[in-house]
Each structure stands twice: as C-alpha cells, then as structure tokens.
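Only one structure is covered here, and it is reproduced in the block below.
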Amino acid sequence: MPLGHYDYRLRDVRVDYGRTTALALGELDLVHGEAVAVVGPSGAGKTTLLRVLGLAQTPSTGTVTINDRPAGALTNPELRRARADIGFVHQDFRLVPNLRVLQNVLCGRLGRMSLLASLRALLAPSKRDVGAVYNILERVGIEEKLYQRTDTLSGGQQQRAAIARALYQQPRVLLADEPISNVDPARADETVRLLVDICRGARLTLCASMHNIDLARALFDRIIGLREGRIVFDRTADTLTETEVAELYRLSESADGRESR
Amino acid sequence: MKRRFVIAAIAVAGLVSFEALGLRPSEVVPTRAELGTLSSFLLGAFSPALTYEAAYVGADAPPLLLKVADAARRTVVFAAAAMSLAIVGGVVLGFLASTAWWRHDLRSRGPIARIAFPLIYVGTRTLIALMRSVHELLWALIFLVAIGLTDIGAVVAIALPYAGTLAKVFSELIDEAADDAATALGGAGALPAQVFAFGLVPRALPDMGAYTLYRFECALRSSAVVGFFGPETLGKFIRLSWDENHYAEVWTYLYALLVLIVIVEWWSGALRSRFAA
C-alpha cells in the first residue's frame with residue numbers, strides 16, 4: 001500500500017566518504033509534488049543528495065525524516081515499501097544488457113512483488129503487463145524496441161528504457177541523476193519536459209540533477225544550487241537571479257581549478 | 001633475478017622427482033615386440049575397420065558400423081543423463097556457494113540466520129571441494145566395488161564431480177558479474193533473491209551456458225572411458241577390440257568419438273556466437 005505522498009525533511013545531513021565530505025547540508029525540505037532541479041558542477045554532491053533521498057545512502061550524521069518518521073527507524077519491510085515508492089533513473093542506466101527491453105522495464109515493479117510472483121511476471125509476462133510496458137515505452141518514444149535486446153539500443157534509447165523502468169515502478173517520488181547527459185541537445189529538452197509533464201500529471205515529486213540551468217529554470221518550480229556539498233542557493237525558478245547563477249559558475253570554476261591542481 | 005631463481009627451482013624440482021621415482025629414460029624406448037604392436041596400432045589409423053576383423057562373427061551380430069553408431073548413441077545418452085543431473089546439482093550448489101547469494105546485511109537478521117547462513121555457505125563450498133577432488137573414474141570404481149557398476153552407477157559417477165565443477169564455476173561467474181543493475185534493483189525495493197535472479201544471474205547466463213557445453217564435451221569423453229568398467233559405451237568396445245588385437249576396429253570407435261566431440265564443439269560455437277550477438 002503506497003503511502004501516497006512523501007514529504008522530506010533533511011536536518012544537518014552530512015555524508016563522508018572516508019576523509020572527503022560529499023555532502024554537508026543545513027536544512028532542506030521537499031514538499032510532495034514539487035519539481036526540483038539540482039544544479040552545480042561535477043563533484044558538487046548532486047548524486048549523493050539523490051542517493052540520500054532515495055534511501056540508498058545513509059547519512060554519516062544528521063537526520064532524514066519522511067512524513068515525520070525518521071528514515072533510520074524504518075523496519076526492513078517499511079524500508080522496502082518506501083524504496084518501491086521511489087523511482088531512480090541512474091546516470092549510467094543500470095539495465096541488464098542481455099535482457100529484452102520488456103524484461104528490464106518489468107523489473108521496475110520487483111519491489112511490489114513476492115519472489116514467486118516476480119518469476120512468473122518476468123518469465124511468462126501476462127498480456128496486461130506487456131500492454132502496460134508498451135504504453136510506457138510509447139510515452140518515452142521507444143515502443144518499437146519492446147522485444148529488442150537492451151544492449152542493441154543507442155545510449156539515448158537506453159536512457160529512455162531506464163526512465164520507462166522507473167515509471168513502470170509506479171513511484172510516488174522520481175529521482176533522476178543527470179537524465180539528459182547521454183542525449184543530444186535537441187532531445188534533452190524533450191526528455192526533461194516529458195519527465196516534468198509525467199510527474200505533474202501523476203502528482204509525483206520530481207528531483208533531477210542537471211547541468212543545463214536554462215532548461216531547469218524553464219521547466220522546474222524550484223532550483224537548488226550545490227557546490228562542494230553545500231547549498232549555495234535554493235530558490236523558486238522565477239526568483240533566481242543571473243548574479244546567483246554567475247556566482248555558482250564563478251565559484252565552481254575556482255573549485256574545479258583547485259581540484260585539477 | 002627473481003625469475004631466474006624460479007626457473008632454476010623448477011628445473012631442480014623436476015630432476016629431484018625423476019630421481020625419487022627412479023625413472024630411466026631408456027625405459028621409454030620400446031622393445032622390438034612393443035614396437036610391432038605400436039606400429040600396427042598406429043597403422044590402423046589410416047584404415048579404420050568398416051567390417052568385423054574377426055574371421056568368425058555370430059550370425060545375429062549387427063554390421064560393425066551399426067554397432068559403432070549404437071555405441072556412440074549410448075555414449076551420448078550416458079553423457080546427457082550425467083549432465084542433466086550435474087546441471088541441477090551445479091545450479092543449486094553454485095548459487096549457494098556464490099558470495100552474492102549471501103550478500104544480505106546479516107546485522108539486520110535474526111540470531112538463527114546469523115549462525116546458519118555462514119554455516120551453509122562454508123558447508124556448500126566444502127561439499128563442492130569433496131565432489132570435485134574425486135575423479136569420475138575413481139567414483140566409478142567406488143560404485144563398482146559397492147554395487148557393481150550398473151548404468152545408473154556410471155551416470156552418478158560422472159555426475160558427482162561434474163556437478164562440483166559446474167557449481168564452482170557457476171558461483172565464480174555469478175560473483176564476477178557486473179552488479180550495477182543489481183544495486184539499482186535493490187534500491188527500488190527488490191528482495192535479495194530477486195536481485196540475484198534478475199540482476200546477476202542473467203548477466204552470468206551466457207558464460208554459464210558456454211561452460212556447460214564445454215563440460216558436456218568432457219562428459220562425452222568420460223562416458224566413453226567409463227565403458228572400460230562395463231557400461232556399453234564406446235569405451236567397452238574399444239577395450240574388447242583391443243584385447244582381440246583388432247586395432248582397425250579400435251580406430252573406428254575412436255573416430256566415432258572424435259566425430260561426437262567435433263559436433264558438440266561446432267554446436268557450442270554456434271550457440272556462443274548467438275549469445276554474443
């Protein structure tokens with residue numbers, strides 16, 4: 001039974017990998033149904049933030065609260081249900097290359113099935129399930145690839161297959177890690193618009209990391225700028241000023257310079 | 001410097017073992033009588049028998065080539081029976097012996113699981129090692145002594161070490177499979193068994209299939225050789241013809257075995273290229 005809605009409250013969340021600090025946030029709240037873009041240079045902590053929201057990364061310190069329940073106190077079945085409600089589109093797709101697109105997309109709903117039911121659903125898919133997968137592939141524009149082996153698809157098509165898997169999951173929250181990094185610029189606009197439209201239509205929370213600030217401002221409600229694991233700005237799209245964006249870039253340039261030295 | 005030392009050590013070890021065993025190079029040189037047998041055997045390779053070499057053959061004996069074909073068929077059937085047992089055993093034991101199967105977070109488990117899981121894992125690996133360490137011919141001898149080598153005994157004798165070998169290789173292939181899709185499925189709420197079945201096993205499956213076909217080829221040879229102990233595979237007739245000094249017949253049986261192995265080799269090659277496409 002899905003919780004229906006997910007309100008996140010993050011307090012003093014900090015993630016350390018060994019000696020390096022990947023993320024050090026103060027306060028961050030996400031209200032259910034928001035469309036949030038996370039922008040910032042490479043290594044700013046965007047992926048780590050998404051992993052924390054996806055309950056795939058436990059913070060080193062600080063608390064993540066979902067609907068007033070601390071995430072750390074969830075029991076195993078509760079954690080499984082929450083993860084089944086959170087879709088994640090990985091930057092590197094993470095599909096099984098030698099399965100058909102159909103089977104990869106069907107895998108999206110594993111979190112809501114018993115082992116026996118999932119064996120049946122994947123080895124002998126029902127007409128209804130195949131139809132549902134076809135409809136989702138149609139939305140992302142690769143319905144003709146339904147029965148193709150996944151590794152015969154181009155990078156952009158695999159990205160769409162990964163999005164389809166996350167949508168077939170029937171999530172309440174959709175997290176997308178650089179969903180347009182493997183798509184050509186013309187397709188990028190279309191792909192992000194698709195994600196935003198689907199999430200608005202189904203009242204899902206969308207949180208996507210990206211480099212394209214213009215696209216983020218045009219399509220998202222709220223934009224969070226990250227640099228070196230810290231929030232530089234957290235604004236509605238219409239109040240974000242050019243100076244703030246320039247600041248993020250200026251700072252990031254100097255940060256990149258330090259890294260490469 | 002180090003490499004030179006290693007090569008010298010290997011050479012010394014070789015000389016010492018020759019000395020310890022009392023091996024004389026002169027023993028390799030055949031006597032005149034042995035030379036005669038050897039040359040008539042080798043000459044048989046150029047003229048394998050198409051009919052019986054014996055002057056008198058029973059009236060109800062089938063034509064030689066039909067007999068060879070039937071022995072070859074029985075060899076394939078023995079190998080297939082042994083492999084079908086070995087695959088079941090190999091898959092079950094291989095899954096249990098893979099570290100990926102046990103990649104649960106034990107801290108979140110009950111006290112029984114925390115003790116039982118490592119025990120099952122170590123127990124399975126020990127069992128696999130025991131099955132593998134006894135050669136199929138030794139298993140065949142054990143069954144011969146225990147129950148007389150019945151057909152089922154011969155099949156099990158081959159299946160036991162083969163199941164162990166398949167299990168070892170299957171577990172390694174699964175543990176080496178890329179786990180990116182597996183972590184993604186786990187992150188979306190899939191159970192550990194589902195992550196294993198849909199994230200890891202499909203990735204290892206092409207290699208598992210190719211290796212199983214290779215083992216089938218080995219099983220053909222083993223089932224032929226087990227015939228020396230009684231079952232009516234190619235090995236039995238090779239021995240009978242050999243005892244009668246009918247070397248041309250021996251070669252006919254050997255060529256039949258060669259044909260079987262070439263067919264399996266060609267078949268597995270075709271399957272592999274289909275998997276890779």
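Convention: chains lettered A, B, ... in structure tokens order; per-chain residue numbering from 1; ligands numbered from 1 as shown.
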
Check your understanding: Do you know which residues are at most 8 Å from range 254-265 of chain B counting only C-alpha atoms, after dropping those on the same chain fewer than 6 positions away, and could you put them as a PyMOL selection string?
Key -> chain B and resi 68-69+72+213-214+216-217+220-221+224+234+238

For the residues selected in the previous step, produce a file with C-alpha atoms as a PDB file, in the first residue's frame.
ATOM      1  CA  VAL B  68      29.645 -48.374 -33.668  1.00  0.00           C
ATOM      2  CA  ALA B  69      26.747 -45.990 -34.240  1.00  0.00           C
ATOM      3  CA  ALA B  72      28.155 -43.721 -29.991  1.00  0.00           C
ATOM      4  CA  LEU B 213      28.500 -27.083 -23.255  1.00  0.00           C
ATOM      5  CA  TYR B 214      32.248 -27.473 -22.755  1.00  0.00           C
ATOM      6  CA  PHE B 216      29.158 -31.755 -21.985  1.00  0.00           C
ATOM      7  CA  GLU B 217      32.058 -32.355 -24.361  1.00  0.00           C
ATOM      8  CA  LEU B 220      31.247 -37.471 -23.702  1.00  0.00           C
ATOM      9  CA  ARG B 221      34.876 -38.484 -23.167  1.00  0.00           C
ATOM     10  CA  ALA B 224      33.243 -43.304 -23.281  1.00  0.00           C
ATOM     11  CA  LEU B 234      32.392 -46.647 -26.846  1.00  0.00           C
ATOM     12  CA  ILE B 238      37.414 -50.191 -27.620  1.00  0.00           C
TER      13      ILE B 238
END

Chain B near chain A within 7 Å: what's each residue's closest atom pair and its distance in Å to one decimal, counting only C-alpha atoms, ordered by chain then ascending residue number, as a Markdown table?
| residue | atom | partner | partner_atom | distance |
| --- | --- | --- | --- | --- |
| B:Asp180 | CA | A:Arg94 | CA | 5.3 |
| B:Ala181 | CA | A:Arg94 | CA | 4.3 |
| B:Ala184 | CA | A:Arg94 | CA | 6.3 |
| B:Gly187 | CA | A:Ala56 | CA | 6.0 |
| B:Ala188 | CA | A:Ala84 | CA | 4.9 |
| B:Gly189 | CA | A:Gly111 | CA | 4.1 |
| B:Ala190 | CA | A:Gly111 | CA | 4.2 |
| B:Leu191 | CA | A:Gly111 | CA | 7.0 |
| B:Gln194 | CA | A:Leu115 | CA | 6.1 |
| B:Gly199 | CA | A:Val96 | CA | 6.7 |
| B:Arg203 | CA | A:Asn98 | CA | 6.8 |

How would the residues just chosen look if you wrote them out with N, CA and C atoms as a CSV table (one decimal), in the first residue's frame?
chain,number,residue,atom,x,y,z
B,180,ASP,N,25.9,-3.5,-11.3
B,180,ASP,CA,25.3,-2.2,-11.4
B,180,ASP,C,23.7,-2.3,-11.5
B,181,ALA,N,23.3,-3.2,-12.3
B,181,ALA,CA,21.8,-3.4,-12.4
B,181,ALA,C,21.3,-4.0,-11.1
B,184,ALA,N,20.8,-1.3,-8.6
B,184,ALA,CA,19.6,-0.5,-9.0
B,184,ALA,C,18.3,-1.2,-8.6
B,187,GLY,N,17.9,-1.0,-4.9
B,187,GLY,CA,17.5,0.3,-4.5
B,187,GLY,C,16.0,0.6,-4.7
B,188,ALA,N,15.4,-0.1,-5.6
B,188,ALA,CA,14.0,0.0,-5.9
B,188,ALA,C,13.1,-1.0,-5.1
B,189,GLY,N,13.7,-1.6,-4.1
B,189,GLY,CA,12.9,-2.4,-3.2
B,189,GLY,C,12.9,-3.9,-3.5
B,190,ALA,N,13.7,-4.3,-4.5
B,190,ALA,CA,13.7,-5.8,-4.8
B,190,ALA,C,14.3,-6.5,-3.7
B,191,LEU,N,13.8,-7.7,-3.4
B,191,LEU,CA,14.3,-8.6,-2.4
B,191,LEU,C,15.6,-9.1,-2.8
B,194,GLN,N,15.4,-11.6,-5.5
B,194,GLN,CA,15.0,-11.1,-6.8
B,194,GLN,C,16.2,-10.4,-7.4
B,199,GLY,N,19.1,-9.5,-11.5
B,199,GLY,CA,20.1,-8.6,-11.7
B,199,GLY,C,21.5,-9.3,-12.0
B,203,ARG,N,23.1,-11.9,-16.3
B,203,ARG,CA,24.4,-11.5,-16.8
B,203,ARG,C,25.4,-12.6,-16.9

Point to revise | Using only C-alpha atoms: which of B:Ala33, B:Ile87, B:Ala146, B:Leu185 has the shortest distance to Tyr211 in chain B | key: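 Counting only C-alpha atoms, the residue closest to Tyr211 in chain B is B:Ile87.
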
Review point. When DSSP works through the backbone of this structure, what residues of range 66-255 of chain A end up as alpha helix (DSSP H), shown as a PyMOL selection string?
Key: chain A and resi 76-85+101-106+115-123+127-140+155-168+185-201+213-219+242-255

**Study point:** Interatomic distance, CA of Ile120 in chain B to CA of Arg103 in chain B (Å, one decimal)
**Key:**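 So the answer is 13.4 Å.
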
Practice item. Give me the residues within 10 Å of Phe233 in chain A as a VMD selection string, counting only C-alpha atoms and dropping any in the same chain fewer than 4 places off. Key: chain A and resid 39 223 to 227 240 244 to 245 247 to 248

Print the selection's residues with C-alpha atoms to a file, as a PDB file, in the first residue's frame.
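Written out: again.pdb:
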ATOM      1  CA  VAL A  39      22.351  22.132 -10.383  1.00  0.00           C
ATOM      2  CA  ILE A 223      16.211  25.155  -8.213  1.00  0.00           C
ATOM      3  CA  ILE A 224      18.870  24.142  -5.725  1.00  0.00           C
ATOM      4  CA  GLY A 225      22.479  25.111  -6.437  1.00  0.00           C
ATOM      5  CA  LEU A 226      25.082  22.801  -4.931  1.00  0.00           C
ATOM      6  CA  ARG A 227      28.796  23.353  -4.665  1.00  0.00           C
ATOM      7  CA  LEU A 240      16.677  33.027  -9.259  1.00  0.00           C
ATOM      8  CA  GLU A 244      23.400  33.927  -8.317  1.00  0.00           C
ATOM      9  CA  VAL A 245      23.848  31.692 -11.354  1.00  0.00           C
ATOM     10  CA  GLU A 247      28.195  33.153  -8.720  1.00  0.00           C
ATOM     11  CA  LEU A 248      27.701  29.358  -8.878  1.00  0.00           C
TER      12      LEU A 248
END
